[in-house]
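The file data_2.pdb contains PDB, C-alpha atoms and all ligand atoms:
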```pdb
ATOM      1  CA  MET A   1     -21.211  14.957 -31.658  1.00  0.00           C
ATOM      2  CA  SER A   2     -19.574  17.085 -34.334  1.00  0.00           C
ATOM      3  CA  PHE A   3     -16.094  16.282 -35.645  1.00  0.00           C
ATOM      4  CA  LEU A   4     -14.782  19.444 -33.945  1.00  0.00           C
ATOM      5  CA  ALA A   5     -16.263  18.500 -30.552  1.00  0.00           C
ATOM      6  CA  ALA A   6     -14.685  15.056 -30.820  1.00  0.00           C
ATOM      7  CA  PHE A   7     -11.391  16.582 -31.994  1.00  0.00           C
ATOM      8  CA  PHE A   8     -11.192  18.973 -29.029  1.00  0.00           C
ATOM      9  CA  TYR A   9     -12.638  16.563 -26.422  1.00  0.00           C
ATOM     10  CA  ASP A  10      -9.275  15.388 -25.068  1.00  0.00           C
ATOM     11  CA  HIS A  11      -7.921  18.957 -25.015  1.00  0.00           C
ATOM     12  CA  PHE A  12     -10.920  20.157 -22.946  1.00  0.00           C
ATOM     13  CA  MET A  13     -10.401  17.313 -20.508  1.00  0.00           C
ATOM     14  CA  THR A  14      -6.619  17.626 -20.050  1.00  0.00           C
ATOM     15  CA  THR A  15      -6.670  19.581 -16.781  1.00  0.00           C
ATOM     16  CA  VAL A  16      -9.323  17.485 -15.048  1.00  0.00           C
ATOM     17  CA  GLU A  17      -7.681  14.273 -16.267  1.00  0.00           C
ATOM     18  CA  ARG A  18      -4.395  15.348 -14.683  1.00  0.00           C
ATOM     19  CA  SER A  19      -5.979  16.622 -11.481  1.00  0.00           C
ATOM     20  CA  CYS A  20      -7.990  13.479 -10.636  1.00  0.00           C
ATOM     21  CA  LEU A  21      -9.466  11.353 -13.438  1.00  0.00           C
ATOM     22  CA  ARG A  22      -6.273   9.557 -14.450  1.00  0.00           C
ATOM     23  CA  GLU A  23      -5.674   8.470 -10.873  1.00  0.00           C
ATOM     24  CA  TRP A  24      -9.306   7.300 -10.522  1.00  0.00           C
ATOM     25  CA  ARG A  25      -9.232   5.382 -13.827  1.00  0.00           C
ATOM     26  CA  HIS A  26      -6.076   3.587 -12.755  1.00  0.00           C
ATOM     27  CA  GLU A  27      -7.532   2.661  -9.351  1.00  0.00           C
ATOM     28  CA  LEU A  28     -10.813   1.470 -10.894  1.00  0.00           C
ATOM     29  CA  LEU A  29      -9.391  -0.576 -13.749  1.00  0.00           C
ATOM     30  CA  GLU A  30      -6.564  -2.367 -12.008  1.00  0.00           C
ATOM     31  CA  GLN A  31      -9.195  -4.849 -10.760  1.00  0.00           C
ATOM     32  CA  VAL A  32     -10.537  -5.901 -14.201  1.00  0.00           C
ATOM     33  CA  SER A  33      -9.766  -9.163 -15.928  1.00  0.00           C
ATOM     34  CA  GLY A  34     -11.217 -11.574 -18.483  1.00  0.00           C
ATOM     35  CA  GLU A  35     -13.810 -10.408 -21.008  1.00  0.00           C
ATOM     36  CA  VAL A  36     -14.621  -6.702 -20.657  1.00  0.00           C
ATOM     37  CA  LEU A  37     -17.125  -4.384 -22.328  1.00  0.00           C
ATOM     38  CA  GLU A  38     -16.637  -0.632 -22.045  1.00  0.00           C
ATOM     39  CA  ILE A  39     -19.680   1.452 -22.918  1.00  0.00           C
ATOM     40  CA  GLY A  40     -19.291   4.945 -24.395  1.00  0.00           C
ATOM     41  CA  ALA A  41     -15.525   4.559 -24.675  1.00  0.00           C
ATOM     42  CA  GLY A  42     -15.155   8.016 -26.282  1.00  0.00           C
ATOM     43  CA  THR A  43     -11.613   8.631 -27.522  1.00  0.00           C
ATOM     44  CA  GLY A  44     -10.238   5.849 -25.313  1.00  0.00           C
ATOM     45  CA  ALA A  45      -9.176   7.645 -22.128  1.00  0.00           C
ATOM     46  CA  ASN A  46      -9.367   4.337 -20.220  1.00  0.00           C
ATOM     47  CA  LEU A  47      -7.285   2.337 -22.684  1.00  0.00           C
ATOM     48  CA  GLU A  48      -3.865   2.730 -21.087  1.00  0.00           C
ATOM     49  CA  PHE A  49      -5.219   1.604 -17.709  1.00  0.00           C
ATOM     50  CA  TYR A  50      -6.491  -1.836 -18.724  1.00  0.00           C
ATOM     51  CA  PRO A  51      -4.184  -4.505 -17.296  1.00  0.00           C
ATOM     52  CA  GLU A  52      -2.973  -7.458 -19.345  1.00  0.00           C
ATOM     53  CA  THR A  53      -5.318  -9.708 -17.361  1.00  0.00           C
ATOM     54  CA  VAL A  54      -8.025  -8.466 -19.785  1.00  0.00           C
ATOM     55  CA  THR A  55      -8.306 -11.192 -22.429  1.00  0.00           C
ATOM     56  CA  ARG A  56     -10.923  -9.513 -24.668  1.00  0.00           C
ATOM     57  CA  LEU A  57     -11.966  -5.859 -24.718  1.00  0.00           C
ATOM     58  CA  VAL A  58     -15.040  -4.605 -26.578  1.00  0.00           C
ATOM     59  CA  LEU A  59     -15.328  -0.810 -26.830  1.00  0.00           C
ATOM     60  CA  ALA A  60     -18.895   0.292 -27.593  1.00  0.00           C
ATOM     61  CA  GLU A  61     -19.061   3.840 -28.970  1.00  0.00           C
ATOM     62  CA  PRO A  62     -22.030   5.086 -31.024  1.00  0.00           C
ATOM     63  CA  ASP A  63     -20.503   8.390 -32.154  1.00  0.00           C
ATOM     64  CA  GLN A  64     -18.667   8.071 -35.481  1.00  0.00           C
ATOM     65  CA  HIS A  65     -16.212  10.910 -34.776  1.00  0.00           C
ATOM     66  CA  MET A  66     -15.307   9.632 -31.325  1.00  0.00           C
ATOM     67  CA  ARG A  67     -14.841   6.197 -32.917  1.00  0.00           C
ATOM     68  CA  GLN A  68     -12.251   7.606 -35.341  1.00  0.00           C
ATOM     69  CA  PHE A  69     -10.080   8.838 -32.460  1.00  0.00           C
ATOM     70  CA  LEU A  70     -10.742   5.662 -30.497  1.00  0.00           C
ATOM     71  CA  GLN A  71      -9.545   3.559 -33.428  1.00  0.00           C
ATOM     72  CA  LYS A  72      -6.264   5.521 -33.569  1.00  0.00           C
ATOM     73  CA  ASN A  73      -5.708   5.260 -29.824  1.00  0.00           C
ATOM     74  CA  THR A  74      -6.222   1.492 -29.703  1.00  0.00           C
ATOM     75  CA  ARG A  75      -3.022   1.144 -31.796  1.00  0.00           C
ATOM     76  CA  HIS A  76      -0.944   2.022 -28.728  1.00  0.00           C
ATOM     77  CA  SER A  77      -2.653  -0.496 -26.448  1.00  0.00           C
ATOM     78  CA  LYS A  78      -0.772  -3.493 -25.090  1.00  0.00           C
ATOM     79  CA  LEU A  79      -3.956  -5.606 -25.296  1.00  0.00           C
ATOM     80  CA  LYS A  80      -4.149  -7.964 -28.262  1.00  0.00           C
ATOM     81  CA  ASP A  81      -7.882  -8.583 -28.559  1.00  0.00           C
ATOM     82  CA  ILE A  82      -9.721  -5.256 -28.902  1.00  0.00           C
ATOM     83  CA  HIS A  83     -12.914  -4.777 -30.889  1.00  0.00           C
ATOM     84  CA  ILE A  84     -14.692  -1.446 -31.505  1.00  0.00           C
ATOM     85  CA  ALA A  85     -18.477  -1.627 -31.820  1.00  0.00           C
ATOM     86  CA  ASN A  86     -20.995   0.929 -33.059  1.00  0.00           C
ATOM     87  CA  GLU A  87     -23.693   0.314 -30.486  1.00  0.00           C
ATOM     88  CA  THR A  88     -25.580   2.062 -27.714  1.00  0.00           C
ATOM     89  CA  ALA A  89     -25.934   0.949 -24.121  1.00  0.00           C
ATOM     90  CA  GLU A  90     -29.686   0.624 -24.558  1.00  0.00           C
ATOM     91  CA  ASP A  91     -29.303  -1.899 -27.394  1.00  0.00           C
ATOM     92  CA  LEU A  92     -26.142  -3.977 -27.028  1.00  0.00           C
ATOM     93  CA  ASP A  93     -25.324  -6.652 -29.599  1.00  0.00           C
ATOM     94  CA  ALA A  94     -23.666  -8.960 -27.072  1.00  0.00           C
ATOM     95  CA  ASP A  95     -25.123 -12.304 -26.032  1.00  0.00           C
ATOM     96  CA  ASP A  96     -26.600 -12.745 -22.566  1.00  0.00           C
ATOM     97  CA  GLU A  97     -24.041 -13.379 -19.826  1.00  0.00           C
ATOM     98  CA  SER A  98     -20.989 -12.816 -22.039  1.00  0.00           C
ATOM     99  CA  PHE A  99     -18.786 -10.390 -20.050  1.00  0.00           C
ATOM    100  CA  ASP A 100     -16.962 -10.569 -16.716  1.00  0.00           C
ATOM    101  CA  PHE A 101     -16.929  -6.788 -16.373  1.00  0.00           C
ATOM    102  CA  VAL A 102     -18.730  -3.825 -17.892  1.00  0.00           C
ATOM    103  CA  VAL A 103     -17.072  -0.404 -17.512  1.00  0.00           C
ATOM    104  CA  THR A 104     -18.715   3.026 -17.717  1.00  0.00           C
ATOM    105  CA  ALA A 105     -16.870   6.321 -17.262  1.00  0.00           C
ATOM    106  CA  LEU A 106     -18.648   9.689 -17.535  1.00  0.00           C
ATOM    107  CA  VAL A 107     -21.315   8.153 -19.744  1.00  0.00           C
ATOM    108  CA  CYS A 108     -24.402   7.206 -17.659  1.00  0.00           C
ATOM    109  CA  CYS A 109     -25.250  10.945 -17.612  1.00  0.00           C
ATOM    110  CA  SER A 110     -25.795  10.842 -21.394  1.00  0.00           C
ATOM    111  CA  PHE A 111     -27.797   7.654 -21.892  1.00  0.00           C
ATOM    112  CA  ALA A 112     -31.107   8.278 -23.650  1.00  0.00           C
ATOM    113  CA  ASP A 113     -32.715   5.804 -21.227  1.00  0.00           C
ATOM    114  CA  LEU A 114     -30.689   5.098 -18.080  1.00  0.00           C
ATOM    115  CA  GLU A 115     -32.973   2.328 -16.831  1.00  0.00           C
ATOM    116  CA  ALA A 116     -32.949   0.457 -20.167  1.00  0.00           C
ATOM    117  CA  ALA A 117     -29.157   0.818 -20.393  1.00  0.00           C
ATOM    118  CA  LEU A 118     -28.590  -0.615 -16.913  1.00  0.00           C
ATOM    119  CA  LEU A 119     -30.889  -3.557 -17.677  1.00  0.00           C
ATOM    120  CA  GLU A 120     -28.876  -4.234 -20.859  1.00  0.00           C
ATOM    121  CA  ILE A 121     -25.629  -4.070 -18.885  1.00  0.00           C
ATOM    122  CA  ARG A 122     -27.072  -6.513 -16.389  1.00  0.00           C
ATOM    123  CA  ARG A 123     -28.162  -8.826 -19.218  1.00  0.00           C
ATOM    124  CA  VAL A 124     -24.699  -9.058 -20.797  1.00  0.00           C
ATOM    125  CA  LEU A 125     -22.838  -9.604 -17.514  1.00  0.00           C
ATOM    126  CA  LYS A 126     -22.018 -13.157 -16.513  1.00  0.00           C
ATOM    127  CA  PRO A 127     -23.472 -14.355 -13.195  1.00  0.00           C
ATOM    128  CA  GLY A 128     -21.314 -12.743 -10.517  1.00  0.00           C
ATOM    129  CA  GLY A 129     -20.028 -10.155 -13.037  1.00  0.00           C
ATOM    130  CA  SER A 130     -19.478  -6.518 -12.095  1.00  0.00           C
ATOM    131  CA  LEU A 131     -20.195  -3.067 -13.411  1.00  0.00           C
ATOM    132  CA  LEU A 132     -17.279  -0.707 -12.713  1.00  0.00           C
ATOM    133  CA  PHE A 133     -18.386   2.914 -12.838  1.00  0.00           C
ATOM    134  CA  MET A 134     -16.961   6.414 -12.565  1.00  0.00           C
ATOM    135  CA  GLU A 135     -19.737   8.951 -13.045  1.00  0.00           C
ATOM    136  CA  HIS A 136     -20.692  12.524 -12.250  1.00  0.00           C
ATOM    137  CA  VAL A 137     -24.013  12.605 -10.422  1.00  0.00           C
ATOM    138  CA  ALA A 138     -26.746  14.678  -8.800  1.00  0.00           C
ATOM    139  CA  ALA A 139     -25.737  16.589  -5.683  1.00  0.00           C
ATOM    140  CA  ASP A 140     -27.653  15.721  -2.492  1.00  0.00           C
ATOM    141  CA  ASP A 141     -31.319  16.734  -2.451  1.00  0.00           C
ATOM    142  CA  GLY A 142     -31.984  20.055  -0.766  1.00  0.00           C
ATOM    143  CA  THR A 143     -28.498  21.474  -1.346  1.00  0.00           C
ATOM    144  CA  GLY A 144     -27.770  24.686  -3.234  1.00  0.00           C
ATOM    145  CA  ARG A 145     -25.712  22.718  -5.730  1.00  0.00           C
ATOM    146  CA  ARG A 146     -28.669  20.457  -6.519  1.00  0.00           C
ATOM    147  CA  TYR A 147     -30.893  23.518  -6.987  1.00  0.00           C
ATOM    148  CA  TRP A 148     -28.473  24.874  -9.591  1.00  0.00           C
ATOM    149  CA  GLN A 149     -28.072  21.493 -11.283  1.00  0.00           C
ATOM    150  CA  ASN A 150     -31.867  21.226 -11.654  1.00  0.00           C
ATOM    151  CA  LEU A 151     -32.129  24.783 -12.937  1.00  0.00           C
ATOM    152  CA  VAL A 152     -29.363  24.572 -15.533  1.00  0.00           C
ATOM    153  CA  ASN A 153     -30.025  20.977 -16.625  1.00  0.00           C
ATOM    154  CA  PRO A 154     -32.659  21.571 -19.363  1.00  0.00           C
ATOM    155  CA  ILE A 155     -30.328  23.889 -21.300  1.00  0.00           C
ATOM    156  CA  TRP A 156     -27.118  21.992 -20.483  1.00  0.00           C
ATOM    157  CA  ARG A 157     -28.614  18.743 -21.748  1.00  0.00           C
ATOM    158  CA  ARG A 158     -29.464  20.245 -25.124  1.00  0.00           C
ATOM    159  CA  VAL A 159     -26.071  21.842 -25.619  1.00  0.00           C
ATOM    160  CA  MET A 160     -23.946  18.998 -24.196  1.00  0.00           C
ATOM    161  CA  GLY A 161     -25.135  15.925 -26.105  1.00  0.00           C
ATOM    162  CA  ASN A 162     -27.851  14.844 -23.617  1.00  0.00           C
ATOM    163  CA  CYS A 163     -25.502  15.016 -20.585  1.00  0.00           C
ATOM    164  CA  HIS A 164     -27.708  15.314 -17.471  1.00  0.00           C
ATOM    165  CA  LEU A 165     -26.277  17.163 -14.470  1.00  0.00           C
ATOM    166  CA  ASN A 166     -28.721  15.738 -11.940  1.00  0.00           C
ATOM    167  CA  ARG A 167     -28.946  11.978 -12.486  1.00  0.00           C
ATOM    168  CA  GLU A 168     -29.306   9.733  -9.425  1.00  0.00           C
ATOM    169  CA  ILE A 169     -27.184   6.957 -10.864  1.00  0.00           C
ATOM    170  CA  GLU A 170     -26.520   4.941  -7.709  1.00  0.00           C
ATOM    171  CA  GLY A 171     -30.266   4.539  -7.039  1.00  0.00           C
ATOM    172  CA  ALA A 172     -30.859   3.567 -10.673  1.00  0.00           C
ATOM    173  CA  MET A 173     -28.182   0.845 -10.432  1.00  0.00           C
ATOM    174  CA  ILE A 174     -29.811  -0.610  -7.323  1.00  0.00           C
ATOM    175  CA  SER A 175     -33.271  -0.536  -8.982  1.00  0.00           C
ATOM    176  CA  ALA A 176     -31.838  -2.349 -12.030  1.00  0.00           C
ATOM    177  CA  GLY A 177     -30.638  -5.261  -9.880  1.00  0.00           C
ATOM    178  CA  PHE A 178     -27.101  -4.372  -8.819  1.00  0.00           C
ATOM    179  CA  ASN A 179     -25.565  -4.633  -5.379  1.00  0.00           C
ATOM    180  CA  ILE A 180     -23.161  -1.742  -4.739  1.00  0.00           C
ATOM    181  CA  ARG A 181     -20.019  -3.445  -3.437  1.00  0.00           C
ATOM    182  CA  GLN A 182     -17.663  -0.467  -3.331  1.00  0.00           C
ATOM    183  CA  ILE A 183     -18.414   3.217  -3.724  1.00  0.00           C
ATOM    184  CA  LYS A 184     -16.364   6.371  -3.304  1.00  0.00           C
ATOM    185  CA  ARG A 185     -17.942   9.805  -3.385  1.00  0.00           C
ATOM    186  CA  GLU A 186     -15.568  12.584  -4.261  1.00  0.00           C
ATOM    187  CA  SER A 187     -15.595  15.936  -5.998  1.00  0.00           C
ATOM    188  CA  MET A 188     -13.938  16.207  -9.368  1.00  0.00           C
ATOM    189  CA  ARG A 189     -11.258  18.862  -9.310  1.00  0.00           C
ATOM    190  CA  THR A 190     -10.675  21.759 -11.703  1.00  0.00           C
ATOM    191  CA  ILE A 191     -14.142  21.593 -13.264  1.00  0.00           C
ATOM    192  CA  ILE A 192     -17.290  23.729 -13.104  1.00  0.00           C
ATOM    193  CA  ALA A 193     -19.428  23.415  -9.954  1.00  0.00           C
ATOM    194  CA  PRO A 194     -22.471  21.470 -11.323  1.00  0.00           C
ATOM    195  CA  LEU A 195     -20.141  18.662 -12.456  1.00  0.00           C
ATOM    196  CA  LEU A 196     -18.261  18.285  -9.178  1.00  0.00           C
ATOM    197  CA  PRO A 197     -20.088  15.415  -7.400  1.00  0.00           C
ATOM    198  CA  THR A 198     -18.954  11.991  -8.554  1.00  0.00           C
ATOM    199  CA  ILE A 199     -19.274   8.350  -7.588  1.00  0.00           C
ATOM    200  CA  ARG A 200     -16.959   5.532  -8.551  1.00  0.00           C
ATOM    201  CA  GLY A 201     -16.816   1.897  -7.609  1.00  0.00           C
ATOM    202  CA  CYS A 202     -18.121  -1.565  -8.279  1.00  0.00           C
ATOM    203  CA  ALA A 203     -21.706  -2.846  -8.593  1.00  0.00           C
ATOM    204  CA  LEU A 204     -22.249  -6.585  -8.564  1.00  0.00           C
ATOM    205  CA  LYS A 205     -24.942  -8.238 -10.685  1.00  0.00           C
ATOM    206  CA  ILE A 206     -27.404  -9.986  -8.335  1.00  0.00           C
TER     207      ILE A 206
HETATM  208  C1  LIG B 301     -18.332  12.361 -21.875  1.00  0.00           C
HETATM  209  S1  LIG B 301     -17.905  11.140 -23.036  1.00  0.00           S
HETATM  210  C2  LIG B 301     -16.929  10.026 -22.028  1.00  0.00           C
HETATM  211  C3  LIG B 301     -15.989   9.217 -22.838  1.00  0.00           C
HETATM  212  C4  LIG B 301     -15.113   8.219 -22.056  1.00  0.00           C
HETATM  213  N1  LIG B 301     -15.925   7.203 -21.421  1.00  0.00           N
HETATM  214  C5  LIG B 301     -14.208   8.892 -21.051  1.00  0.00           C
HETATM  215  O1  LIG B 301     -14.189   8.487 -19.898  1.00  0.00           O
HETATM  216  O2  LIG B 301     -13.504   9.851 -21.452  1.00  0.00           O
HETATM  217  C6  LIG B 301     -19.433  10.224 -23.214  1.00  0.00           C
HETATM  218  C7  LIG B 301     -19.407   9.215 -24.341  1.00  0.00           C
HETATM  219  O3  LIG B 301     -20.585   8.404 -24.252  1.00  0.00           O
HETATM  220  C8  LIG B 301     -21.079   8.159 -25.549  1.00  0.00           C
HETATM  221  N2  LIG B 301     -22.526   7.873 -25.441  1.00  0.00           N
HETATM  222  C9  LIG B 301     -23.536   8.755 -25.352  1.00  0.00           C
HETATM  223  N3  LIG B 301     -24.718   8.112 -25.283  1.00  0.00           N
HETATM  224  C10 LIG B 301     -24.436   6.786 -25.310  1.00  0.00           C
HETATM  225  C11 LIG B 301     -25.238   5.611 -25.294  1.00  0.00           C
HETATM  226  N4  LIG B 301     -26.574   5.680 -25.214  1.00  0.00           N
HETATM  227  N5  LIG B 301     -24.618   4.419 -25.356  1.00  0.00           N
HETATM  228  C12 LIG B 301     -23.264   4.345 -25.436  1.00  0.00           C
HETATM  229  N6  LIG B 301     -22.463   5.432 -25.468  1.00  0.00           N
HETATM  230  C13 LIG B 301     -23.034   6.641 -25.411  1.00  0.00           C
HETATM  231  C14 LIG B 301     -20.762   9.440 -26.311  1.00  0.00           C
HETATM  232  O4  LIG B 301     -20.727   9.221 -27.706  1.00  0.00           O
HETATM  233  C15 LIG B 301     -19.402   9.814 -25.736  1.00  0.00           C
HETATM  234  O5  LIG B 301     -18.354   9.256 -26.478  1.00  0.00           O
END
```
Could the structure of this file be written out as structure tokens, please?
Amino acid sequence: MSFLAAFFYDHFMTTVERSCLREWRHELLEQVSGEVLEIGAGTGANLEFYPETVTRLVLAEPDQHMRQFLQKNTRHSKLKDIHIANETAEDLDADDESFDFVVTALVCCSFADLEAALLEIRRVLKPGGSLLFMEHVAADDGTGRRYWQNLVNPIWRRVMGNCHLNREIEGAMISAGFNIRQIKRESMRTIIAPLLPTIRGCALKI
């Protein structure tokens, strides 16, 4: 991502954050505690929603420009133990079974290899650990929205940093060995149509 894209990222997202994402982040993250890894933390939009029950927070972010803004934003966090890591989901540095929770928000769409990333997430979760997710996803098969997602995706992906409009993320989580414990399906508000369908919830490592 260019410096300018990282610089303007939060500005582009302001309306959708206010209309739904802030509320969803709060609802998702109030259940986390212990040792937490967030993957693709971006500029740190989740930071203010982590409760003080989080004892260690690792923020993995491979983009150097996003990391600069992330670093600044961690200064305002009430958490004491925060570490920023330059690593991708497909190749995490963490030891096996080292986190209670892994968090992804609007990032599974961009993984170079979704299956490999989910297997890595599974590897670093402790037994009984959970993946908390909030992701935009493929519309249902056979719908007009899915048709348009499929059509626009090849160009969108190239322009938008490998963001896929039509990923079936829930199915991929199940195939990687997760049990979906909670899931909400809702449309994002105030955003373009191909990005509307979302899922958010909790997937348990089995
Ligand atoms: C759309 S932004 C979302 C940022 C943040 N999670 C949020 O909710 O605002 C996607 C982020 O994922 C990061 N990313 C892309 N591919 C990744 C990968 N393979 N592993 C980890 N992070 C990745 C990007 O650098 C970017 O910061």
At what distance in Å, to one decimal, does atom CA of A:His65 lie from atom CA of A:Thr43? 8.9 Å
Using all atoms listed in the file, find each residue in chain A having at least one atom no more than 6 Å away from ligand LIG 301 (chain B); report its shortest atom-to-atom pair and that distance in Å (one decimal), rows by chain then rising number, as CSV.
```
residue,atom,partner,partner_atom,distance
A:Ile39,CA,B:LIG301,C12,5.2
A:Gly40,CA,B:LIG301,N6,3.4
A:Ala41,CA,B:LIG301,N1,4.2
A:Gly42,CA,B:LIG301,O5,3.4
A:Ala45,CA,B:LIG301,O2,4.9
A:Glu61,CA,B:LIG301,N6,5.1
A:Pro62,CA,B:LIG301,O4,5.5
A:Asp63,CA,B:LIG301,O4,4.5
A:Met66,CA,B:LIG301,O5,5.7
A:Thr88,CA,B:LIG301,N5,3.5
A:Ala89,CA,B:LIG301,N5,3.9
A:Glu90,CA,B:LIG301,N4,6.0
A:Ala105,CA,B:LIG301,O1,4.3
A:Leu106,CA,B:LIG301,C2,4.8
A:Val107,CA,B:LIG301,C6,4.5
A:Ser110,CA,B:LIG301,N3,4.9
A:Phe111,CA,B:LIG301,N4,4.1
A:Ala112,CA,B:LIG301,N4,5.5
```
Taking (-28.3, 18.4, -6.2) in the file's coordinates, which residues come within 10 Å, counting only C-alpha atoms, written as a list of chain:residue names? A:Val137, A:Ala138, A:Ala139, A:Asp140, A:Asp141, A:Gly142, A:Thr143, A:Gly144, A:Arg145, A:Arg146, A:Tyr147, A:Trp148, A:Gln149, A:Asn150, A:Leu165, A:Asn166, A:Arg167, A:Glu168, A:Pro194, A:Pro197
Nearest-residue call for A:Ala117, choices A:Glu35, A:Glu87, A:Arg22, A:Phe99, using all atoms listed in the file: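 Using all atoms listed in the file, the shortest distance to A:Ala117 belongs to A:Glu87.
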Starting from the shown file, work through the PyMOL selection byres (((chain A and resi 79) around 12) and not hetatm) and note down what comes out as a VMD selection string. chain A and resid 33 to 36 47 to 58 73 to 78 80 to 83
Enter the distance from atom CA of A:Ala85 to atom CA of A:Ala60, in Å, rounded to one decimal.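 One can read the atom CA of A:Ala85 to atom CA of A:Ala60 distance as 4.7 Å.
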Pairwise distance for atom CA of A:Gln64 and atom CA of A:Cys108, rounded to one decimal in Å: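 Result for atom CA of A:Gln64 versus atom CA of A:Cys108: 18.7 Å, one decimal.
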Within 10 Å of (-15.7, 2.9, -12.2) in the file's own coordinates, which protein, DNA or RNA residues have an atom, counting all atoms listed in the file? List them as a ChimeraX atom specification. /A:24-29,102-106,131-135,182-184,199-203
May I ask which of the residues A:Ile206, A:Arg18, A:Ile169, A:Arg67 is the closest one to A:Phe3, counting only C-alpha atoms?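 Ranking A:Ile206, A:Arg18, A:Ile169, A:Arg67 by distance to A:Phe3, first place goes to A:Arg67.
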From the options A:Thr190, A:Ser98, A:Asn46, A:Thr198, which residue's atoms come nearest to A:Gly129, counting only C-alpha atoms?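 Closest residue, counting only C-alpha atoms: A:Ser98.
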How big is the axis-aligned box around the listed atoms of stretch 116-130 of chain A once 4 Å is added on each side, and where is its centre? Give both in Å to one decimal, as AutoDock Vina command-line options.
```
--center_x -26.2 --center_y -6.8 --center_z -15.7 --size_x 21.5 --size_y 23.2 --size_z 18.3
```
Quick one: everything within 9 Å of A:Glu115, counting only C-alpha atoms, minus sequence neighbours fewer than 6 positions away in the same chain. Send it as a list of chain:residue names.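 Selected residues are A:Glu90, A:Ala172, A:Met173, A:Ser175, A:Ala176.
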Taking all atoms listed in the file into account, which of A:Leu59, A:Leu37, A:Ala94, A:Phe69 comes nearest A:Phe8?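 Closest candidate: A:Phe69.
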May I ask which of the residues A:Glu30, A:Asp113, A:Glu120, A:Glu186 is the closest one to A:Glu97, counting all atoms listed in the file?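 Between A:Glu30, A:Asp113, A:Glu120, A:Glu186, the residue approaching A:Glu97 most closely is A:Glu120.
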